[in-house]
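Structure record follows, encoded as structure tokens.
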Amino acid sequence: MYGWTGNILRINLTTKTVKKETYSEEFARTWVGGRGFAVKILYDELKPGIDPLGPDNKFVVAVGPLAGIPAPNTGKTVVAAKSPLTGGYGDGNLGTRITEHLRRCGYDVLIVEGRADAPTYIYLQDDEVSLLPANEIWGKGTYATHDWLYQKYGRAAGILSIGQAGETLSLYAVVRSLEGRAGGRPGMGAVMGSKNLKAIVAKGNKPIPQADPQGMKSLGAGDLKKVGDIDKQSGWSKQSTNGVLAWCNEVAALPVRNMRKTHHPDAWKVDGERLNNARVATYGCPNCTMRCGIAIHDHEGRESELDYENIGMLGPNLEIFDLEQVGSLNYMCDDYGFDTISAGATLAFYADAIDRGDTQGDFKFGDAERAKELLTLASRREGVGNLIAQGSLRMARRFGRGSENYAMQVKGLEMAAYNCKFCPGMALSFGTAPIGGTHKEAWVITYELNQAKRESYGPEKAAKVMELQRIRGGLFEFLTACRFPWVELGWGLENYTVYFNKITGLNWTLDDFWKTSDRIYALIKLFWLRENPAIDRTFDYPPGVWFDPANADTEGPIAGKILERDKYDSLLQHFYDLRHWDRRGIPTRKLTGILGLEAEAAAAEKFGKLE
Ligand code: PTT
Ligand code: SF4
């Protein structure tokens, strides 16, 4: 078998045992890698109903066949587990040197089980595996942790680590890797923390098995250069992801004031141009010629790497329009290891709840200094910080008084920085994203506003959401390559079949990829069903406030407009029909047969009959 190492490394931290296992070619071809491997392993190995922060949960690190091989943007890795934030399947995708080193140690998957009896880190060096004490770095932020590990193992080592937020089990703690890289929004850092696992370090030297290594080498090097050239010509990485902020403000889709508003006259102060002007350093993932990470000096003079989601959620959504202050909040999230999106949304929810009189407190929109104090309290789980560390939905349930309606999350995961009170397609994208409120699966908003009719709830929008889910939530998550060359520069998807076939020696087409994507989405839904047999179509709805006429903008481009519940429901039905899911949003028996998921469907039926 080419393209896959065929090996899984399984480490049990309770028993301190290490097992090298193999997987079959059939497993490789069915699930391909990354998210595909992760969901299949978690579905097969986790008992339904386990505590996500208990020793029975498993932390999976998984890559795909392109991972680590020089070609456009192949430095990504998936981290996955049952999510402590949502109770369902959770994962994230981050740029890291682990991607290549894991494969060069001879594995495509690392599964961490159990719970260490003391703070520990894992060190992989080719065939050797060590479980080492992490007492010296436990309690430290991710920057100090990485520095400590770099001193020991050199800067070329691959490192994943958590900060204090992961240690104190914040439900939206992320995993950190390189400068400015973070992943695993639905609490993957807390799962590491619950295992007393501070970090994973890998250094490998083995070759990665490929069918045509020479052909791939010259093709990959040439294409990396081409992508870099296209980026330079287009100028995209001048503002990188934050290029979209000014547009969101103009079209009234910016998150402002806990997404109550959609635009703000001061938004320009934190836009892509200002970010580029303030740039002091540029960072990127391995195997990347686009290098989209723009770092500025924050309010305290530290380097902080900012993307659009970080700025949108920690800036306008909190009504903070001082880029250096946004940089400080972002730096703190990175160092403590909080997800910036959930942190921004939860703080905004708290300010909103105080403002509406649904709770009492001393935090107001625009108060950057108090926001910093609250993040510190959250990292220690002290006072109100204990609630903030649990995300907006749990906070709303504590406050009651209908506040759940304006907790801006789906399935418990806070939504990214697109205010969709009048963007039906993007609302559907958030509603149906398989890990909760993320934009990563179907970023349909530019199609919706630039090519389609914004007010339409027609089947074309459901079709676009599904098309993008197959590409973004499927292809790029199972091959584990960064999607930006395709999204931002139009780098053709057919390139990925060429890479895949050169590496694996197979002869796949895009249709084979789409089938794999559909299989992964179906299994993720069965995972949720098993955890929550009562789920119905309301599970795929965005927050209630987006359907509330009283929440419509009173001025600007979408004044008086708001989502309509019955129309959203029919859009959702178009989506289910396309996916061959039933009226509850569950894959049908027929579909599971086509996708080869008969055994999984039979197991799921213990928790409710499939149509
Ligand atoms: C991703 C989510 C995003 S998506 C952002 S900014 W974005 C936030 N970044 C955070 C951060 O930084 N620090 C922090 N403490 N929390 C953060 N939370 C938020 O996490 C990311 C880039 C970006 S920047 C995006 S869109 C693309 N995402 C990809 C993806 O998901 N898959 C894929 N195959 N390619 C992608 N390419 C782009 O990668 P999550 P990263 Mg992140 C400071 O992980 O859990 O998926 O959440 O991965 O390596 O940092 O790169 O405007
Ligand atoms: Fe990483 Fe950005 Fe390059 Fe993608 S474009 S691989 S996120 S640096």
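By convention in this document, the chains of the structure tokens carry letters A, B, ... by their order, each chain's residues are numbered from 1, and ligands are numbered from 1 in the order they are shown.
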
Point to revise | Contact residues around A:Ala407 with only C-alpha atoms at 10 Å, ignoring same-chain residues under 2 positions, as a list in words | key: Asn258, Met259, Ala345, Thr346, Ala348, Phe349, Tyr350, Asp352, Ala353, Gly391, Ser392, Leu393, Arg394, Met395, Ala396, Arg397, Gly402, Ser403, Glu404, Asn405, Gln409, Val410, Gly412, Leu413, Glu414, Met415, Pro543, Gly544 and Val545 of chain A

Practice item. Would you list the residues that come within 6 Å of ligand 2? Count only C-alpha atoms and all ligand atoms and give the answer as a PyMOL selection string. Key: chain A and resi 73+95+284-285+288+290-293+482+484

Review point. Which protein, DNA or RNA residues have an atom within 7 Å of ligand 1, counting only C-alpha atoms and all ligand atoms, as a ChimeraX atom specification?
Key: /A:76,91-96,174,180-185,241,285,305-310,330,333-334,337-341,440,472,476-477,480-484

Residue subset to file, keeping C-alpha atoms, as a tab-separated table (two decimals), in the first residue's frame:
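Written output follows (result39.tsv):
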```tsv
chain	number	residue	atom	x	y	z
A	76	LYS	CA	-2.30	20.22	8.37
A	91	ASP	CA	-12.49	18.02	15.75
A	92	GLY	CA	-10.27	20.77	14.37
A	93	ASN	CA	-7.59	21.12	11.77
A	94	LEU	CA	-4.33	22.93	12.44
A	95	GLY	CA	-1.05	23.66	10.74
A	96	THR	CA	1.81	21.98	12.55
A	174	VAL	CA	-7.90	24.43	21.88
A	180	GLY	CA	-0.43	31.68	15.73
A	181	ARG	CA	-1.83	28.26	14.93
A	182	ALA	CA	-4.58	26.69	17.01
A	183	GLY	CA	-7.20	24.02	16.41
A	184	GLY	CA	-9.86	21.81	17.88
A	185	ARG	CA	-12.45	24.43	18.77
A	241	THR	CA	-8.33	36.26	5.98
A	285	CYS	CA	2.29	26.45	8.27
A	305	GLU	CA	-1.02	36.64	15.12
A	306	LEU	CA	-4.49	37.67	13.94
A	307	ASP	CA	-6.97	36.13	11.51
A	308	TYR	CA	-10.42	37.40	10.59
A	309	GLU	CA	-12.31	35.16	13.02
A	310	ASN	CA	-10.15	36.30	15.93
A	330	ASN	CA	-6.03	37.23	20.98
A	333	CYS	CA	-6.47	33.27	24.10
A	334	ASP	CA	-3.45	31.80	22.33
A	337	GLY	CA	-5.27	28.09	24.87
A	338	PHE	CA	-8.86	29.32	24.53
A	339	ASP	CA	-10.65	29.23	21.21
A	340	THR	CA	-10.93	32.87	20.14
A	341	ILE	CA	-14.32	32.39	18.51
A	440	LYS	CA	-15.24	25.75	8.01
A	472	ARG	CA	-14.21	21.80	2.66
A	476	PHE	CA	-9.62	19.01	2.70
A	477	GLU	CA	-10.30	17.38	6.07
A	480	THR	CA	-5.48	17.10	5.52
A	481	ALA	CA	-4.39	19.93	3.24
A	482	CYS	CA	-5.16	23.60	3.76
A	483	ARG	CA	-8.08	24.72	1.65
A	484	PHE	CA	-6.83	28.29	1.12
```

Review point. Which is closer to A:Met313 than all the others in A:Ala599, A:Ile294, A:Ala190, A:Val270, using only C-alpha atoms?
Key: A:Val270

**Study point:** Test item: residues at most 12 Å from A:Val487, only C-alpha atoms, excluding those fewer than 5 positions along its chain, as JSON, numbers by chain
**Key:** {"A": [231, 236, 240, 241, 440, 442, 443, 444, 446, 447, 468, 471, 472, 476, 482, 492, 493]}

Check your understanding: What lies within 7 Å of stretch 536-540 of chain A using only C-alpha atoms, ignoring chain neighbours under 4 positions off, as a list in words?
Key -> Lys411, Gly431, Thr432, Arg584 and Gly585 of chain A

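In this comparison, which uses only C-alpha atoms, the residue of A:Pro72, A:Pro316, A:Pro255, A:Gly222 approaching A:Ala267 most closely is A:Pro316.
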
Exercise for review: Write out as JSON, numbers by chain all residues of stretch 380-565 of chain A that DSSP puts in strand (DSSP E) for this structure's backbone.
Suggested key: {"A": [409, 410, 413, 414]}

Save the residues we just selected, N, CA, C and O atoms, as a PDB file, in the first residue's frame?
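This is the output file again-v1.pdb:
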```pdb
ATOM      1  N   GLN A 409     -24.762  30.246  19.249  1.00  0.00           N
ATOM      2  CA  GLN A 409     -24.119  28.946  19.066  1.00  0.00           C
ATOM      3  C   GLN A 409     -25.070  27.993  18.341  1.00  0.00           C
ATOM      4  O   GLN A 409     -26.259  28.246  18.271  1.00  0.00           O
ATOM      5  N   VAL A 410     -24.499  26.927  17.812  1.00  0.00           N
ATOM      6  CA  VAL A 410     -25.299  25.831  17.265  1.00  0.00           C
ATOM      7  C   VAL A 410     -24.745  24.541  17.864  1.00  0.00           C
ATOM      8  O   VAL A 410     -23.520  24.318  17.857  1.00  0.00           O
ATOM      9  N   LEU A 413     -21.617  24.792  20.092  1.00  0.00           N
ATOM     10  CA  LEU A 413     -20.382  25.441  19.611  1.00  0.00           C
ATOM     11  C   LEU A 413     -20.714  26.830  19.063  1.00  0.00           C
ATOM     12  O   LEU A 413     -21.591  26.973  18.193  1.00  0.00           O
ATOM     13  N   GLU A 414     -20.006  27.835  19.564  1.00  0.00           N
ATOM     14  CA  GLU A 414     -20.273  29.207  19.173  1.00  0.00           C
ATOM     15  C   GLU A 414     -19.987  29.406  17.678  1.00  0.00           C
ATOM     16  O   GLU A 414     -19.034  28.833  17.138  1.00  0.00           O
TER      17      GLU A 414
END
```

Check your understanding: Which polymer residues have any atom within 7 Å of an atom of A:Asn57, counting only C-alpha atoms, with same-chain residues fewer than 2 positions away left out, as number ranges by chain?
Key -> A: 46, 50-55, 59, 81-82, 113

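Checking A:Lys226, A:Lys453, A:Arg35, A:Lys198 one by one against A:Pro119, counting only C-alpha atoms, you find the shortest gap at A:Lys198.
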
Within 12 Å of A:Thr554 using only C-alpha atoms, minus same-chain residues under 4 positions, as a PDB file with N, CA, C and O atoms, in the first residue's frame:
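New file selection_23.pdb:
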```pdb
ATOM      1  N   ALA A 252     -23.406  44.188   5.686  1.00  0.00           N
ATOM      2  CA  ALA A 252     -24.178  43.957   6.911  1.00  0.00           C
ATOM      3  C   ALA A 252     -24.192  42.475   7.284  1.00  0.00           C
ATOM      4  O   ALA A 252     -25.245  41.835   7.376  1.00  0.00           O
ATOM      5  N   ARG A 260     -25.969  41.400  17.621  1.00  0.00           N
ATOM      6  CA  ARG A 260     -27.222  42.145  17.571  1.00  0.00           C
ATOM      7  C   ARG A 260     -27.200  43.060  16.365  1.00  0.00           C
ATOM      8  O   ARG A 260     -28.204  43.316  15.750  1.00  0.00           O
ATOM      9  N   LYS A 261     -26.002  43.618  16.058  1.00  0.00           N
ATOM     10  CA  LYS A 261     -25.862  44.525  14.912  1.00  0.00           C
ATOM     11  C   LYS A 261     -25.006  43.859  13.841  1.00  0.00           C
ATOM     12  O   LYS A 261     -24.249  42.927  14.135  1.00  0.00           O
ATOM     13  N   THR A 262     -25.059  44.414  12.641  1.00  0.00           N
ATOM     14  CA  THR A 262     -24.368  43.781  11.513  1.00  0.00           C
ATOM     15  C   THR A 262     -23.277  44.658  10.901  1.00  0.00           C
ATOM     16  O   THR A 262     -22.611  44.251   9.953  1.00  0.00           O
ATOM     17  N   HIS A 263     -23.149  45.886  11.371  1.00  0.00           N
ATOM     18  CA  HIS A 263     -22.124  46.782  10.816  1.00  0.00           C
ATOM     19  C   HIS A 263     -21.853  47.874  11.843  1.00  0.00           C
ATOM     20  O   HIS A 263     -22.651  48.072  12.772  1.00  0.00           O
ATOM     21  N   PRO A 549     -38.287  39.107  14.703  1.00  0.00           N
ATOM     22  CA  PRO A 549     -38.412  40.409  14.009  1.00  0.00           C
ATOM     23  C   PRO A 549     -37.924  41.577  14.863  1.00  0.00           C
ATOM     24  O   PRO A 549     -37.415  42.569  14.328  1.00  0.00           O
ATOM     25  N   ALA A 550     -38.023  41.443  16.188  1.00  0.00           N
ATOM     26  CA  ALA A 550     -37.567  42.541  17.056  1.00  0.00           C
ATOM     27  C   ALA A 550     -36.050  42.713  16.974  1.00  0.00           C
ATOM     28  O   ALA A 550     -35.505  43.745  17.380  1.00  0.00           O
ATOM     29  N   ILE A 558     -29.803  46.001   5.445  1.00  0.00           N
ATOM     30  CA  ILE A 558     -30.816  44.950   5.651  1.00  0.00           C
ATOM     31  C   ILE A 558     -31.844  45.380   6.712  1.00  0.00           C
ATOM     32  O   ILE A 558     -32.389  44.549   7.433  1.00  0.00           O
ATOM     33  N   ALA A 559     -32.100  46.679   6.757  1.00  0.00           N
ATOM     34  CA  ALA A 559     -33.066  47.182   7.757  1.00  0.00           C
ATOM     35  C   ALA A 559     -34.401  46.456   7.612  1.00  0.00           C
ATOM     36  O   ALA A 559     -34.903  46.253   6.501  1.00  0.00           O
ATOM     37  N   GLY A 560     -34.928  46.012   8.733  1.00  0.00           N
ATOM     38  CA  GLY A 560     -36.252  45.375   8.750  1.00  0.00           C
ATOM     39  C   GLY A 560     -36.261  43.922   8.312  1.00  0.00           C
ATOM     40  O   GLY A 560     -37.296  43.261   8.330  1.00  0.00           O
ATOM     41  N   LYS A 561     -35.076  43.402   7.919  1.00  0.00           N
ATOM     42  CA  LYS A 561     -35.039  42.024   7.384  1.00  0.00           C
ATOM     43  C   LYS A 561     -34.548  41.055   8.460  1.00  0.00           C
ATOM     44  O   LYS A 561     -33.636  41.378   9.232  1.00  0.00           O
ATOM     45  N   ILE A 562     -35.111  39.873   8.449  1.00  0.00           N
ATOM     46  CA  ILE A 562     -34.696  38.855   9.419  1.00  0.00           C
ATOM     47  C   ILE A 562     -35.031  37.480   8.818  1.00  0.00           C
ATOM     48  O   ILE A 562     -35.846  37.382   7.909  1.00  0.00           O
TER      49      ILE A 562
END
```

**Study point:** Among the residues A:Val498, A:Val129, A:Ala534, A:Leu510, the one that comes closest to A:Gly474 [using only C-alpha atoms]
**Key:** A:Leu510

Exercise for review: From a DSSP pass on the backbone, collect the residues of stretch 127-293 of chain A flagged as helix (DSSP H, G or I) and hand them back as a ChimeraX atom specification.
Suggested key: /A:142-153,164-167,188-194,213-234,236-250,267-270,272-278

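The residue that comes closest to A:Trp491, out of A:Gln210, A:Ile230, A:Asp553, A:Gln469 and on the basis of only C-alpha atoms, is A:Ile230.
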